[in-house]
file data-v1.pdb (PDB, C-alpha atoms)
ATOM      1  CA  MET A   1       0.000   0.000   0.000
ATOM      2  CA  ILE A   2       2.842   2.373   0.911
ATOM      3  CA  THR A   3       4.730   1.528  -2.314
ATOM      4  CA  GLN A   4       1.566   2.128  -4.327
ATOM      5  CA  PHE A   5       1.043   5.445  -2.534
ATOM      6  CA  LEU A   6       4.653   6.551  -3.189
ATOM      7  CA  THR A   7       4.354   5.556  -6.875
ATOM      8  CA  GLN A   8       1.228   7.700  -7.144
ATOM      9  CA  ILE A   9       3.113  10.647  -5.601
ATOM     10  CA  PHE A  10       5.991  10.354  -8.088
ATOM     11  CA  GLU A  11       3.558  10.113 -10.989
ATOM     12  CA  ASN A  12       1.759  13.254  -9.881
ATOM     13  CA  LYS A  13       3.463  16.335 -11.355
ATOM     14  CA  LEU A  14       1.742  18.744  -8.990
ATOM     15  CA  ILE A  15       2.847  16.860  -5.870
ATOM     16  CA  LEU A  16       6.407  16.552  -7.224
ATOM     17  CA  THR A  17       6.425  20.309  -7.841
ATOM     18  CA  GLU A  18       5.113  20.838  -4.283
ATOM     19  CA  ILE A  19       8.040  18.781  -2.924
ATOM     20  CA  LEU A  20      10.512  20.808  -5.016
ATOM     21  CA  LEU A  21       8.821  24.048  -3.907
ATOM     22  CA  PHE A  22       8.974  23.004  -0.249
ATOM     23  CA  ILE A  23      12.692  22.137  -0.447
ATOM     24  CA  THR A  24      13.561  25.371  -2.316
ATOM     25  CA  ILE A  25      11.520  27.709  -0.074
ATOM     26  CA  THR A  26      12.667  26.143   3.194
ATOM     27  CA  ILE A  27      16.377  25.848   2.375
ATOM     28  CA  SER A  28      16.731  29.295   0.713
ATOM     29  CA  SER A  29      14.644  31.063   3.373
ATOM     30  CA  LEU A  30      16.579  29.493   6.250
ATOM     31  CA  TYR A  31      19.893  30.348   4.569
ATOM     32  CA  ILE A  32      18.833  33.986   3.991
ATOM     33  CA  PHE A  33      17.498  34.217   7.572
ATOM     34  CA  LYS A  34      20.803  32.901   8.977
ATOM     35  CA  LYS A  35      22.884  35.267   6.833
ATOM     36  CA  ALA A  36      20.774  38.403   7.489
ATOM     37  CA  ASN A  37      20.578  37.611  11.208
ATOM     38  CA  PHE A  38      24.382  37.227  11.377
ATOM     39  CA  TYR A  39      24.881  40.616   9.662
ATOM     40  CA  TYR A  40      22.240  42.188  11.940
ATOM     41  CA  LYS A  41      23.945  40.907  15.096
ATOM     42  CA  LEU A  42      27.246  42.292  13.833
ATOM     43  CA  SER A  43      26.003  45.701  12.680
ATOM     44  CA  GLY A  44      22.716  46.425  14.469
ATOM     45  CA  HIS A  45      21.270  47.530  11.077
ATOM     46  CA  LYS A  46      17.483  47.404  11.547
ATOM     47  CA  GLY A  47      16.673  46.714   7.886
ATOM     48  CA  LEU A  48      18.603  43.445   8.246
ATOM     49  CA  LYS A  49      16.573  42.551  11.330
ATOM     50  CA  TYR A  50      13.205  42.934   9.543
ATOM     51  CA  PHE A  51      14.561  41.152   6.474
ATOM     52  CA  ALA A  52      15.834  38.226   8.586
ATOM     53  CA  ILE A  53      12.465  37.768  10.331
ATOM     54  CA  THR A  54      10.698  37.959   6.927
ATOM     55  CA  PHE A  55      12.588  34.889   5.734
ATOM     56  CA  LEU A  56      12.081  33.007   8.981
ATOM     57  CA  TYR A  57       8.320  33.416   8.461
ATOM     58  CA  LEU A  58       8.665  32.417   4.790
ATOM     59  CA  ALA A  59      10.463  29.211   5.837
ATOM     60  CA  ILE A  60       7.626  28.447   8.288
ATOM     61  CA  SER A  61       5.037  29.220   5.566
ATOM     62  CA  GLY A  62       6.818  26.777   3.232
ATOM     63  CA  ILE A  63       6.600  23.996   5.837
ATOM     64  CA  LEU A  64       2.926  24.776   6.608
ATOM     65  CA  ASN A  65       1.939  24.887   2.933
ATOM     66  CA  PHE A  66       3.623  21.545   2.280
ATOM     67  CA  THR A  67       2.004  19.901   5.337
ATOM     68  CA  GLN A  68      -1.421  21.196   4.262
ATOM     69  CA  THR A  69      -0.993  20.012   0.646
ATOM     70  CA  ILE A  70       0.249  16.543   1.645
ATOM     71  CA  LEU A  71      -2.561  16.113   4.202
ATOM     72  CA  GLU A  72      -5.215  17.069   1.625
ATOM     73  CA  TYR A  73      -3.591  14.739  -0.922
ATOM     74  CA  ILE A  74      -3.578  11.793   1.517
ATOM     75  CA  ILE A  75      -7.224  12.443   2.492
ATOM     76  CA  ASN A  76      -8.264  12.504  -1.189
ATOM     77  CA  LYS A  77      -6.191   9.511  -2.298
ATOM     78  CA  LEU A  78      -7.093   7.248   0.620
ATOM     79  CA  ASN A  79     -10.729   8.424   0.617
ATOM     80  CA  LEU A  80     -10.527   9.191   4.325
ATOM     81  CA  ILE A  81     -13.596  10.455   6.116
ATOM     82  CA  VAL A  82     -13.070  14.122   6.971
ATOM     83  CA  THR A  83     -13.935  14.268  10.660
ATOM     84  CA  THR A  84     -14.462  17.477  12.636
ATOM     85  CA  LYS A  85     -10.958  17.061  14.092
ATOM     86  CA  ILE A  86      -9.384  16.915  10.605
ATOM     87  CA  THR A  87     -11.436  19.937   9.477
ATOM     88  CA  ILE A  88     -10.264  21.922  12.527
ATOM     89  CA  LEU A  89      -6.647  20.828  11.926
ATOM     90  CA  LEU A  90      -6.840  21.935   8.270
ATOM     91  CA  GLN A  91      -8.395  25.274   9.271
ATOM     92  CA  ILE A  92      -5.665  25.897  11.882
ATOM     93  CA  LEU A  93      -3.029  25.083   9.245
ATOM     94  CA  GLU A  94      -4.696  27.426   6.752
ATOM     95  CA  PHE A  95      -4.970  30.256   9.300
ATOM     96  CA  THR A  96      -1.323  29.881  10.417
ATOM     97  CA  TYR A  97      -0.153  29.745   6.785
ATOM     98  CA  ASP A  98      -2.140  32.897   5.890
ATOM     99  CA  TYR A  99      -0.747  34.663   8.966
ATOM    100  CA  THR A 100       2.900  33.774   8.142
ATOM    101  CA  ILE A 101       2.464  34.957   4.535
ATOM    102  CA  ILE A 102       0.911  38.301   5.545
ATOM    103  CA  ILE A 103       3.438  39.029   8.295
ATOM    104  CA  ALA A 104       6.302  38.089   5.913
ATOM    105  CA  ILE A 105       5.037  40.470   3.214
ATOM    106  CA  LEU A 106       4.402  43.240   5.796
ATOM    107  CA  LEU A 107       7.937  42.848   7.172
ATOM    108  CA  LEU A 108       9.469  42.641   3.678
ATOM    109  CA  THR A 109       7.759  45.917   2.737
ATOM    110  CA  TYR A 110       8.790  47.449   6.081
ATOM    111  CA  SER A 111      12.427  46.397   5.522
ATOM    112  CA  LEU A 112      12.375  48.589   2.387
ATOM    113  CA  VAL A 113      10.954  51.705   4.076
ATOM    114  CA  TRP A 114      12.084  51.460   7.719
ATOM    115  CA  LYS A 115      14.558  54.362   7.389
ATOM    116  CA  ASP A 116      11.759  56.837   6.613
ATOM    117  CA  LEU A 117       9.208  55.365   9.032
ATOM    118  CA  GLU A 118      11.492  55.058  12.076
ATOM    119  CA  LYS A 119      12.002  58.834  12.097
ATOM    120  CA  ASN A 120       8.438  59.018  13.484
ATOM    121  CA  LYS A 121       9.534  56.869  16.438
ATOM    122  CA  ILE A 122       6.340  54.796  16.529
ATOM    123  CA  LYS A 123       6.535  52.366  19.449
ATOM    124  CA  TYR A 124       5.784  48.637  19.272
ATOM    125  CA  LYS A 125       6.067  48.551  15.437
ATOM    126  CA  THR A 126       6.580  44.796  15.260
ATOM    127  CA  ILE A 127       3.632  44.119  17.585
ATOM    128  CA  ILE A 128       1.404  46.391  15.452
ATOM    129  CA  LEU A 129       2.467  44.505  12.312
ATOM    130  CA  GLN A 130       1.788  41.153  14.047
ATOM    131  CA  LEU A 131      -1.705  42.317  15.078
ATOM    132  CA  ILE A 132      -2.498  43.501  11.532
ATOM    133  CA  ALA A 133      -1.390  40.082  10.195
ATOM    134  CA  ILE A 134      -3.548  38.178  12.734
ATOM    135  CA  ILE A 135      -6.624  40.334  11.950
ATOM    136  CA  ILE A 136      -6.194  39.866   8.178
ATOM    137  CA  ALA A 137      -5.674  36.097   8.583
ATOM    138  CA  LEU A 138      -8.841  35.882  10.729
ATOM    139  CA  ILE A 139     -10.923  37.866   8.230
ATOM    140  CA  ASN A 140      -9.512  35.705   5.435
ATOM    141  CA  LEU A 141     -11.025  32.584   7.032
ATOM    142  CA  ARG A 142     -14.427  33.997   6.054
ATOM    143  CA  PHE A 143     -13.685  36.358   3.164
ATOM    144  CA  LYS A 144     -11.098  34.611   0.987
ATOM    145  CA  PHE A 145     -10.315  37.646  -1.196
ATOM    146  CA  ILE A 146      -8.805  39.701   1.664
ATOM    147  CA  LEU A 147      -5.389  37.942   1.764
ATOM    148  CA  HIS A 148      -4.890  38.316  -1.978
ATOM    149  CA  SER A 149      -6.070  41.946  -2.001
ATOM    150  CA  VAL A 150      -3.762  43.005   0.865
ATOM    151  CA  THR A 151      -0.831  41.062  -0.617
ATOM    152  CA  LEU A 152      -1.351  42.682  -4.024
ATOM    153  CA  ILE A 153      -1.481  46.201  -2.527
ATOM    154  CA  LEU A 154       1.678  45.583  -0.455
ATOM    155  CA  LEU A 155       3.449  44.078  -3.448
ATOM    156  CA  ILE A 156       2.634  47.108  -5.629
ATOM    157  CA  TYR A 157       4.087  49.317  -2.874
ATOM    158  CA  GLY A 158       7.160  47.041  -2.568
ATOM    159  CA  ILE A 159       7.674  47.090  -6.353
ATOM    160  CA  ILE A 160       7.609  50.928  -6.425
ATOM    161  CA  ILE A 161      10.112  51.162  -3.527
ATOM    162  CA  SER A 162      12.468  48.520  -4.947
ATOM    163  CA  TYR A 163      12.338  50.261  -8.347
ATOM    164  CA  ALA A 164      13.233  53.572  -6.649
ATOM    165  CA  ASN A 165      16.124  51.783  -4.859
ATOM    166  CA  HIS A 166      17.323  50.356  -8.154
ATOM    167  CA  ILE A 167      17.278  53.820  -9.788
ATOM    168  CA  THR A 168      19.147  55.294  -6.758
ATOM    169  CA  ASN A 169      21.790  52.548  -7.018
ATOM    170  CA  LYS A 170      22.129  53.265 -10.725
ATOM    171  CA  THR A 171      22.513  57.028 -10.295
ATOM    172  CA  GLN A 172      25.017  56.546  -7.452
ATOM    173  CA  ASN A 173      26.982  54.113  -9.678
ATOM    174  CA  LYS A 174      26.731  51.363  -7.069
ATOM    175  CA  LYS A 175      27.807  47.979  -8.382
ATOM    176  CA  SER A 176      24.603  46.227  -7.329
ATOM    177  CA  SER A 177      23.129  44.703 -10.468
ATOM    178  CA  PHE A 178      21.048  42.499  -8.156
ATOM    179  CA  SER A 179      18.695  45.395  -7.259
ATOM    180  CA  GLN A 180      17.263  45.025 -10.790
ATOM    181  CA  LEU A 181      16.774  41.266 -10.286
ATOM    182  CA  TYR A 182      15.113  41.926  -6.913
ATOM    183  CA  PHE A 183      12.703  44.361  -8.553
ATOM    184  CA  ILE A 184      11.899  41.781 -11.274
ATOM    185  CA  SER A 185      11.373  39.083  -8.588
ATOM    186  CA  LEU A 186       8.771  41.238  -6.822
ATOM    187  CA  ILE A 187       6.976  41.764 -10.163
ATOM    188  CA  LEU A 188       6.989  37.961 -10.679
ATOM    189  CA  ILE A 189       5.453  37.405  -7.215
ATOM    190  CA  PHE A 190       2.842  40.044  -8.072
ATOM    191  CA  ILE A 191       1.990  38.207 -11.328
ATOM    192  CA  ILE A 192       1.654  34.897  -9.416
ATOM    193  CA  TYR A 193      -0.754  36.430  -6.903
ATOM    194  CA  LEU A 194      -2.746  38.059  -9.678
ATOM    195  CA  SER A 195      -2.927  34.760 -11.582
ATOM    196  CA  ASN A 196      -4.142  33.032  -8.382
ATOM    197  CA  PHE A 197      -7.485  34.719  -9.076
ATOM    198  CA  LEU A 198      -7.606  32.986 -12.453
ATOM    199  CA  ILE A 199      -6.515  29.512 -11.280
ATOM    200  CA  GLY A 200     -10.138  28.380 -11.004
ATOM    201  CA  PHE A 201     -10.488  28.954 -14.765
ATOM    202  CA  PHE A 202      -7.005  27.745 -15.824
ATOM    203  CA  PRO A 203      -5.645  24.996 -13.470
ATOM    204  CA  ILE A 204      -2.393  24.761 -15.497
ATOM    205  CA  LEU A 205      -1.498  28.208 -14.106
ATOM    206  CA  LYS A 206      -1.112  26.591 -10.681
ATOM    207  CA  LEU A 207       1.814  24.480 -11.898
ATOM    208  CA  TYR A 208       3.505  27.379 -13.739
ATOM    209  CA  GLY A 209       2.947  29.612 -10.675
ATOM    210  CA  LYS A 210       4.844  27.146  -8.489
ATOM    211  CA  PHE A 211       7.782  27.043 -10.913
ATOM    212  CA  ILE A 212       7.921  30.857 -10.877
ATOM    213  CA  ILE A 213       7.962  30.838  -7.042
ATOM    214  CA  ILE A 214      10.883  28.351  -7.148
ATOM    215  CA  LEU A 215      12.700  30.681  -9.582
ATOM    216  CA  VAL A 216      12.046  33.735  -7.357
ATOM    217  CA  PHE A 217      13.424  31.998  -4.246
ATOM    218  CA  LEU A 218      16.502  30.898  -6.193
ATOM    219  CA  ILE A 219      17.007  34.558  -7.225
ATOM    220  CA  PHE A 220      16.715  35.606  -3.544
ATOM    221  CA  LEU A 221      19.230  32.907  -2.597
ATOM    222  CA  TYR A 222      21.620  34.187  -5.283
ATOM    223  CA  GLY A 223      21.267  37.715  -3.850
ATOM    224  CA  ALA A 224      22.236  36.416  -0.407
ATOM    225  CA  ILE A 225      25.158  34.240  -1.539
ATOM    226  CA  ASN A 226      26.575  36.664  -4.128
ATOM    227  CA  PRO A 227      28.136  39.214  -1.649
ATOM    228  CA  GLN A 228      30.142  36.439   0.041
ATOM    229  CA  ILE A 229      31.377  35.074  -3.311
ATOM    230  CA  LYS A 230      32.430  38.578  -4.431
ATOM    231  CA  SER A 231      34.146  39.236  -1.109
ATOM    232  CA  ASN A 232      36.087  35.930  -1.292
ATOM    233  CA  GLN A 233      37.112  36.691  -4.898
ATOM    234  CA  ASN A 234      38.406  40.139  -3.831
ATOM    235  CA  LYS A 235      40.345  38.602  -0.925
ATOM    236  CA  LYS A 236      41.974  36.085  -3.296
ATOM    237  CA  LEU A 237      42.894  38.908  -5.721
ATOM    238  CA  ILE A 238      44.503  40.890  -2.869
ATOM    239  CA  GLN A 239      46.399  37.806  -1.662
ATOM    240  CA  ASN A 240      47.737  37.131  -5.179
TER
ATOM    241  CA  MET B   1      33.000  59.813   0.650
ATOM    242  CA  ALA B   2      33.493  63.515  -0.139
ATOM    243  CA  GLY B   3      30.282  65.418  -0.912
ATOM    244  CA  LYS B   4      28.061  62.543   0.230
ATOM    245  CA  LYS B   5      26.579  62.003   3.680
ATOM    246  CA  ARG B   6      28.133  58.927   5.268
ATOM    247  CA  GLU B   7      25.721  56.369   6.648
ATOM    248  CA  ARG B   8      25.985  54.939  10.160
ATOM    249  CA  LEU B   9      27.647  51.721   8.967
ATOM    250  CA  ASP B  10      30.196  53.693   6.891
ATOM    251  CA  LEU B  11      31.081  55.855   9.902
ATOM    252  CA  ILE B  12      31.648  52.783  12.075
ATOM    253  CA  TYR B  13      33.772  51.272   9.298
ATOM    254  CA  ASP B  14      35.884  54.452   8.983
ATOM    255  CA  ILE B  15      36.564  54.580  12.745
ATOM    256  CA  LEU B  16      37.454  50.881  12.981
ATOM    257  CA  GLN B  17      39.567  51.016   9.814
ATOM    258  CA  ALA B  18      41.497  54.003  11.208
ATOM    259  CA  ILE B  19      42.309  51.935  14.335
ATOM    260  CA  ARG B  20      43.380  48.923  12.242
ATOM    261  CA  LYS B  21      45.614  51.066  10.011
ATOM    262  CA  SER B  22      47.312  52.510  13.104
ATOM    263  CA  LYS B  23      48.571  49.035  14.044
ATOM    264  CA  ASN B  24      45.559  48.484  16.285
ATOM    265  CA  GLU B  25      46.483  51.181  18.779
ATOM    266  CA  ILE B  26      45.454  54.815  18.467
ATOM    267  CA  GLY B  27      44.875  57.819  20.726
ATOM    268  CA  PRO B  28      41.553  59.728  20.782
ATOM    269  CA  THR B  29      42.883  62.963  19.177
ATOM    270  CA  ARG B  30      44.387  61.156  16.190
ATOM    271  CA  LEU B  31      41.275  58.975  15.838
ATOM    272  CA  LEU B  32      38.993  62.044  15.926
ATOM    273  CA  PHE B  33      41.071  63.629  13.165
ATOM    274  CA  LEU B  34      41.087  60.484  10.995
ATOM    275  CA  SER B  35      37.381  59.752  11.427
ATOM    276  CA  ASN B  36      36.457  63.277  10.290
ATOM    277  CA  LEU B  37      33.570  63.711  12.764
ATOM    278  CA  SER B  38      32.435  66.463  15.136
ATOM    279  CA  SER B  39      33.655  65.857  18.703
ATOM    280  CA  LYS B  40      30.047  65.276  19.879
ATOM    281  CA  MET B  41      29.393  62.631  17.228
ATOM    282  CA  PHE B  42      32.817  61.099  17.818
ATOM    283  CA  LYS B  43      32.072  60.669  21.561
ATOM    284  CA  ASP B  44      28.680  59.087  20.797
ATOM    285  CA  TYR B  45      30.181  56.635  18.320
ATOM    286  CA  ILE B  46      33.104  55.706  20.592
ATOM    287  CA  THR B  47      30.684  55.007  23.452
ATOM    288  CA  GLU B  48      28.499  52.885  21.142
ATOM    289  CA  LEU B  49      31.488  50.955  19.801
ATOM    290  CA  GLN B  50      32.712  50.246  23.341
ATOM    291  CA  GLU B  51      29.242  49.154  24.443
ATOM    292  CA  LYS B  52      28.974  46.837  21.438
ATOM    293  CA  ASN B  53      32.411  45.424  22.235
ATOM    294  CA  PHE B  54      33.950  46.544  18.911
ATOM    295  CA  ILE B  55      36.790  48.466  20.578
ATOM    296  CA  ILE B  56      38.469  48.548  23.976
ATOM    297  CA  GLU B  57      39.996  51.454  25.803
ATOM    298  CA  THR B  58      43.365  51.015  27.517
ATOM    299  CA  ILE B  59      45.611  53.406  29.391
ATOM    300  CA  LYS B  60      49.294  53.361  28.447
ATOM    301  CA  LYS B  61      51.754  55.807  30.039
ATOM    302  CA  ASN B  62      48.798  57.872  31.284
ATOM    303  CA  LYS B  63      47.404  58.124  27.744
ATOM    304  CA  LYS B  64      44.104  56.750  26.428
ATOM    305  CA  LYS B  65      44.408  54.266  23.572
ATOM    306  CA  TYR B  66      41.768  52.459  21.505
ATOM    307  CA  SER B  67      42.191  48.962  20.062
ATOM    308  CA  LEU B  68      39.978  46.630  18.022
ATOM    309  CA  THR B  69      38.413  43.594  19.657
ATOM    310  CA  LYS B  70      37.787  40.266  17.889
ATOM    311  CA  LYS B  71      34.237  41.472  17.090
ATOM    312  CA  GLY B  72      35.581  44.777  15.710
ATOM    313  CA  ASN B  73      37.957  42.889  13.428
ATOM    314  CA  GLU B  74      35.114  40.616  12.303
ATOM    315  CA  PHE B  75      32.997  43.684  11.442
ATOM    316  CA  LEU B  76      35.815  45.065   9.247
ATOM    317  CA  ASP B  77      36.309  41.713   7.524
ATOM    318  CA  LYS B  78      32.605  41.326   6.793
ATOM    319  CA  TYR B  79      31.821  45.017   6.068
ATOM    320  CA  LYS B  80      31.946  44.902   2.249
ATOM    321  CA  GLU B  81      29.986  41.661   2.155
ATOM    322  CA  MET B  82      27.383  43.157   4.494
ATOM    323  CA  LYS B  83      27.128  46.419   2.480
ATOM    324  CA  GLN B  84      26.608  44.444  -0.720
ATOM    325  CA  PHE B  85      23.859  42.384   0.947
ATOM    326  CA  ILE B  86      22.116  45.575   2.154
ATOM    327  CA  GLU B  87      22.375  47.170  -1.320
ATOM    328  CA  ASN B  88      21.177  43.979  -3.034
ATOM    329  CA  PHE B  89      17.908  43.945  -1.094
ATOM    330  CA  GLY B  90      17.509  47.736  -0.738
ATOM    331  CA  LEU B  91      17.500  47.575   3.081
TER
END
call {"tool": "encode", "arguments": {"input": "data-v1.pdb", "output": "C-alpha cells"}}
result
Amino acid sequence: MITQFLTQIFENKLILTEILLFITITISSLYIFKKANFYYKLSGHKGLKYFAITFLYLAISGILNFTQTILEYIINKLNLIVTTKITILLQILEFTYDYTIIIAILLLTYSLVWKDLEKNKIKYKTIILQLIAIIIALINLRFKFILHSVTLILLIYGIIISYANHITNKTQNKKSSFSQLYFISLILIFIIYLSNFLIGFFPILKLYGKFIIILVFLIFLYGAINPQIKSNQNKKLIQN
Amino acid sequence: MAGKKRERLDLIYDILQAIRKSKNEIGPTRLLFLSNLSSKMFKDYITELQEKNFIIETIKKNKKKYSLTKKGNEFLDKYKEMKQFIENFGL
C-alpha cells in the first residue's frame, strides 16, 4: 500500500512540484534568515533585522503549505472520512499559513521603508504589524479575497520602492546589479498572486505559478550568496 | 565619501579602519582627526562601539588608547559583504 502510494506521488506532477517548492523555499529562506541575522547581530542595522524575520516566516510558511498540501492529498487519495478534528486541523493550518504569509510580506515591505518610518519613532512597530497580520488572517477565514487583495497592494508598494532603490543605485553608480533582479522578482510574485485569481479557470497556471515561485526563491538565494562570493574573490585577488 | 553624507555603517567602518591602520592602537585625538567627525558625534560613536564590544579602551603611560576587539575585526572583515547584501535587497 505504501509503495503504491509513493508511486502515485511520483507520478503526480503537482505533488512533485510541491516537494521541489517546499525544499527550495525552506532551504533558501533558512539560509537567507541565517545570513541576514548574522549581519544584523554584527552591525545592528534594523533593515537586516526585519529582512531576517521575513525569511524566517517564509520558511515556516513553506513547511505549513507543504504539510497542508500533503494532508489534503492523503485524504483525497485514501478516501478518508473528513472528521471534525481533521477539518479543525486543516483550518488551523490554513490560518497559520495565511498569517505567516501576511506578516512576511508586511515585514518585507517594512524592511524597504524602515529608514523613513522610524524617524516618526512609533513604538511597538513589530507588535502592530503582528496584530495587523492576525486580523487579516482571521478575516480571510471567512472572506477569501482579503489575503490576496492586501498582498497585491503591499506588493505594488514594494515594487515601487524597490524600483526607486534600483534607480538610486544606478545614479550613485553602485555595483549592485542584483537590485534590478530583486525588482523583477517582486513583479513575478505580483503576477503569481494576480494569476491566483484565475486559477479556477485555468488549473495549469497553478503548476507554472509554483515554478515561478521556485525561480524567485533561487534569485533571492543568489542575492544572499553573491556578496560572500564577491568578497572571497576580492580577498583572493589581494592575496595574489 | 566627499560630498556625500556617510551612513551609520560607513562611519563605524571608517573609525574601525582608522584603528586597524594605526597598528591596532590609536589615541583619541588622532582617531577624531582620521574619522572626520564632530567631537560630539565622535564621543557618541566611541561610546556605542565600546558598548557593542567593537573596541576597547586602555591606558598606556597615562594616555588613552583604543584597540579593536575580535568582534571589531570581524565587522571590518565582513563590512563589504554586508554592504553588498544591504544594497542587493535595498534595506
call {"tool": "closest_residue", "arguments": {"input": "data-v1.pdb", "among": "B:Ile26, B:Leu49, B:Leu91, B:Ile86", "to": "Tyr13 in chain B", "atoms": "only C-alpha atoms"}}
result
B:Leu49
call {"tool": "interface_residues", "arguments": {"input": "data-v1.pdb", "of": "chain A", "to": "chain B", "cutoff": "8 Å", "atoms": "all atoms listed in the file", "output": "list in words"}}
result
Tyr39, Leu42, Ser43, His45, Gly47, Leu48, Phe51, Ser111, Leu112, Val113, Ser162, Asn165, His166, Asn169, Ser176, Ser177, Phe178, Ser179, Tyr182, Gly223, Ala224, Pro227, Gln228, Lys230 and Ser231 of chain A
call {"tool": "residues_around", "arguments": {"input": "data-v1.pdb", "residues": "Tyr45 in chain B", "least_positions_apart": "5", "cutoff": "10 Å", "atoms": "only C-alpha atoms", "output": "MDAnalysis selection string"}}
result
chainID B and resid 8 11:12 15 37 39:40 50:51
call {"tool": "write_last_selection", "arguments": {"input": "data-v1.pdb", "atoms": "C-alpha atoms", "output": "mmCIF file, in the frame of the given file"}}
result
data_model
loop_
_atom_site.group_PDB
_atom_site.id
_atom_site.type_symbol
_atom_site.label_atom_id
_atom_site.label_comp_id
_atom_site.auth_asym_id
_atom_site.auth_seq_id
_atom_site.Cartn_x
_atom_site.Cartn_y
_atom_site.Cartn_z
ATOM 1 C CA ARG B 8 25.985 54.939 10.160
ATOM 2 C CA LEU B 11 31.081 55.855 9.902
ATOM 3 C CA ILE B 12 31.648 52.783 12.075
ATOM 4 C CA ILE B 15 36.564 54.580 12.745
ATOM 5 C CA LEU B 37 33.570 63.711 12.764
ATOM 6 C CA SER B 39 33.655 65.857 18.703
ATOM 7 C CA LYS B 40 30.047 65.276 19.879
ATOM 8 C CA GLN B 50 32.712 50.246 23.341
ATOM 9 C CA GLU B 51 29.242 49.154 24.443
#
call {"tool": "atom_distance", "arguments": {"input": "data-v1.pdb", "atom1": "CA of Lys64 in chain B", "atom2": "CA of Leu31 in chain B"}}
result
11.2 Å
call {"tool": "atom_distance", "arguments": {"input": "data-v1.pdb", "atom1": "CA of Glu94 in chain A", "atom2": "CA of Gln68 in chain A"}}
result
7.5 Å
call {"tool": "atom_distance", "arguments": {"input": "data-v1.pdb", "atom1": "CA of Phe33 in chain A", "atom2": "CA of Phe55 in chain A"}}
result
5.3 Å
call {"tool": "residues_around", "arguments": {"input": "data-v1.pdb", "residues": "Pro28 in chain B", "least_positions_apart": "2", "cutoff": "10 Å", "atoms": "all atoms listed in the file", "output": "mmCIF file with C-alpha atoms, keeping the file's coordinate frame"}}
result
data_model
loop_
_atom_site.group_PDB
_atom_site.id
_atom_site.type_symbol
_atom_site.label_atom_id
_atom_site.label_comp_id
_atom_site.auth_asym_id
_atom_site.auth_seq_id
_atom_site.Cartn_x
_atom_site.Cartn_y
_atom_site.Cartn_z
ATOM 1 C CA ILE B 26 45.454 54.815 18.467
ATOM 2 C CA ARG B 30 44.387 61.156 16.190
ATOM 3 C CA LEU B 31 41.275 58.975 15.838
ATOM 4 C CA LEU B 32 38.993 62.044 15.926
ATOM 5 C CA PHE B 33 41.071 63.629 13.165
ATOM 6 C CA LEU B 34 41.087 60.484 10.995
ATOM 7 C CA PHE B 42 32.817 61.099 17.818
ATOM 8 C CA LYS B 43 32.072 60.669 21.561
ATOM 9 C CA ILE B 46 33.104 55.706 20.592
ATOM 10 C CA GLU B 57 39.996 51.454 25.803
ATOM 11 C CA LYS B 63 47.404 58.124 27.744
ATOM 12 C CA LYS B 64 44.104 56.750 26.428
ATOM 13 C CA LYS B 65 44.408 54.266 23.572
ATOM 14 C CA TYR B 66 41.768 52.459 21.505
#
call {"tool": "residues_around", "arguments": {"input": "data-v1.pdb", "residues": "Ile101 in chain A", "least_positions_apart": "6", "cutoff": "8 Å", "atoms": "all atoms listed in the file", "output": "list in words"}}
result
Tyr57, Leu58 and Ser61 of chain A
call {"tool": "resolve_selection", "arguments": {"input": "data-v1.pdb", "expression": "the PyMOL selection byres ((chain A and resi 188-197) around 8)", "output": "list in words"}}
result
His148, Thr151, Leu152, Leu155, Ile156, Ile184, Ser185, Leu186, Ile187, Leu198, Ile199, Gly200, Leu205, Lys206, Gly209, Ile212, Ile213 and Val216 of chain A
call {"tool": "resolve_selection", "arguments": {"input": "data-v1.pdb", "expression": "the PyMOL selection byres ((chain A and resi 95) around 9)", "output": "list of chain:residue names"}}
result
A:Leu90, A:Gln91, A:Ile92, A:Leu93, A:Glu94, A:Thr96, A:Tyr97, A:Asp98, A:Tyr99, A:Thr100, A:Ile134, A:Ala137, A:Leu138, A:Asn140, A:Leu141
call {"tool": "closest_residue", "arguments": {"input": "data-v1.pdb", "among": "A:Gln130, A:Asn232, A:Thr3, A:Gln180", "to": "Thr54 in chain A", "atoms": "only C-alpha atoms"}}
result
A:Gln130
call {"tool": "residues_around", "arguments": {"input": "data-v1.pdb", "residues": "Ser29 in chain A", "least_positions_apart": "3", "cutoff": "10 Å", "atoms": "all atoms listed in the file", "output": "ChimeraX atom specification"}}
result
/A:23-26,32-35,52-60,62,217-218,220-221
call {"tool": "residues_around", "arguments": {"input": "data-v1.pdb", "residues": "Leu20 in chain A", "least_positions_apart": "5", "cutoff": "10 Å", "atoms": "only C-alpha atoms", "output": "ChimeraX atom specification"}}
result
/A:14-15,25,210-211,214
call {"tool": "closest_residue", "arguments": {"input": "data-v1.pdb", "among": "B:Thr47, B:Asn36, B:Gly27, B:Ala18", "to": "Lys61 in chain B", "atoms": "only C-alpha atoms"}}
result
B:Gly27
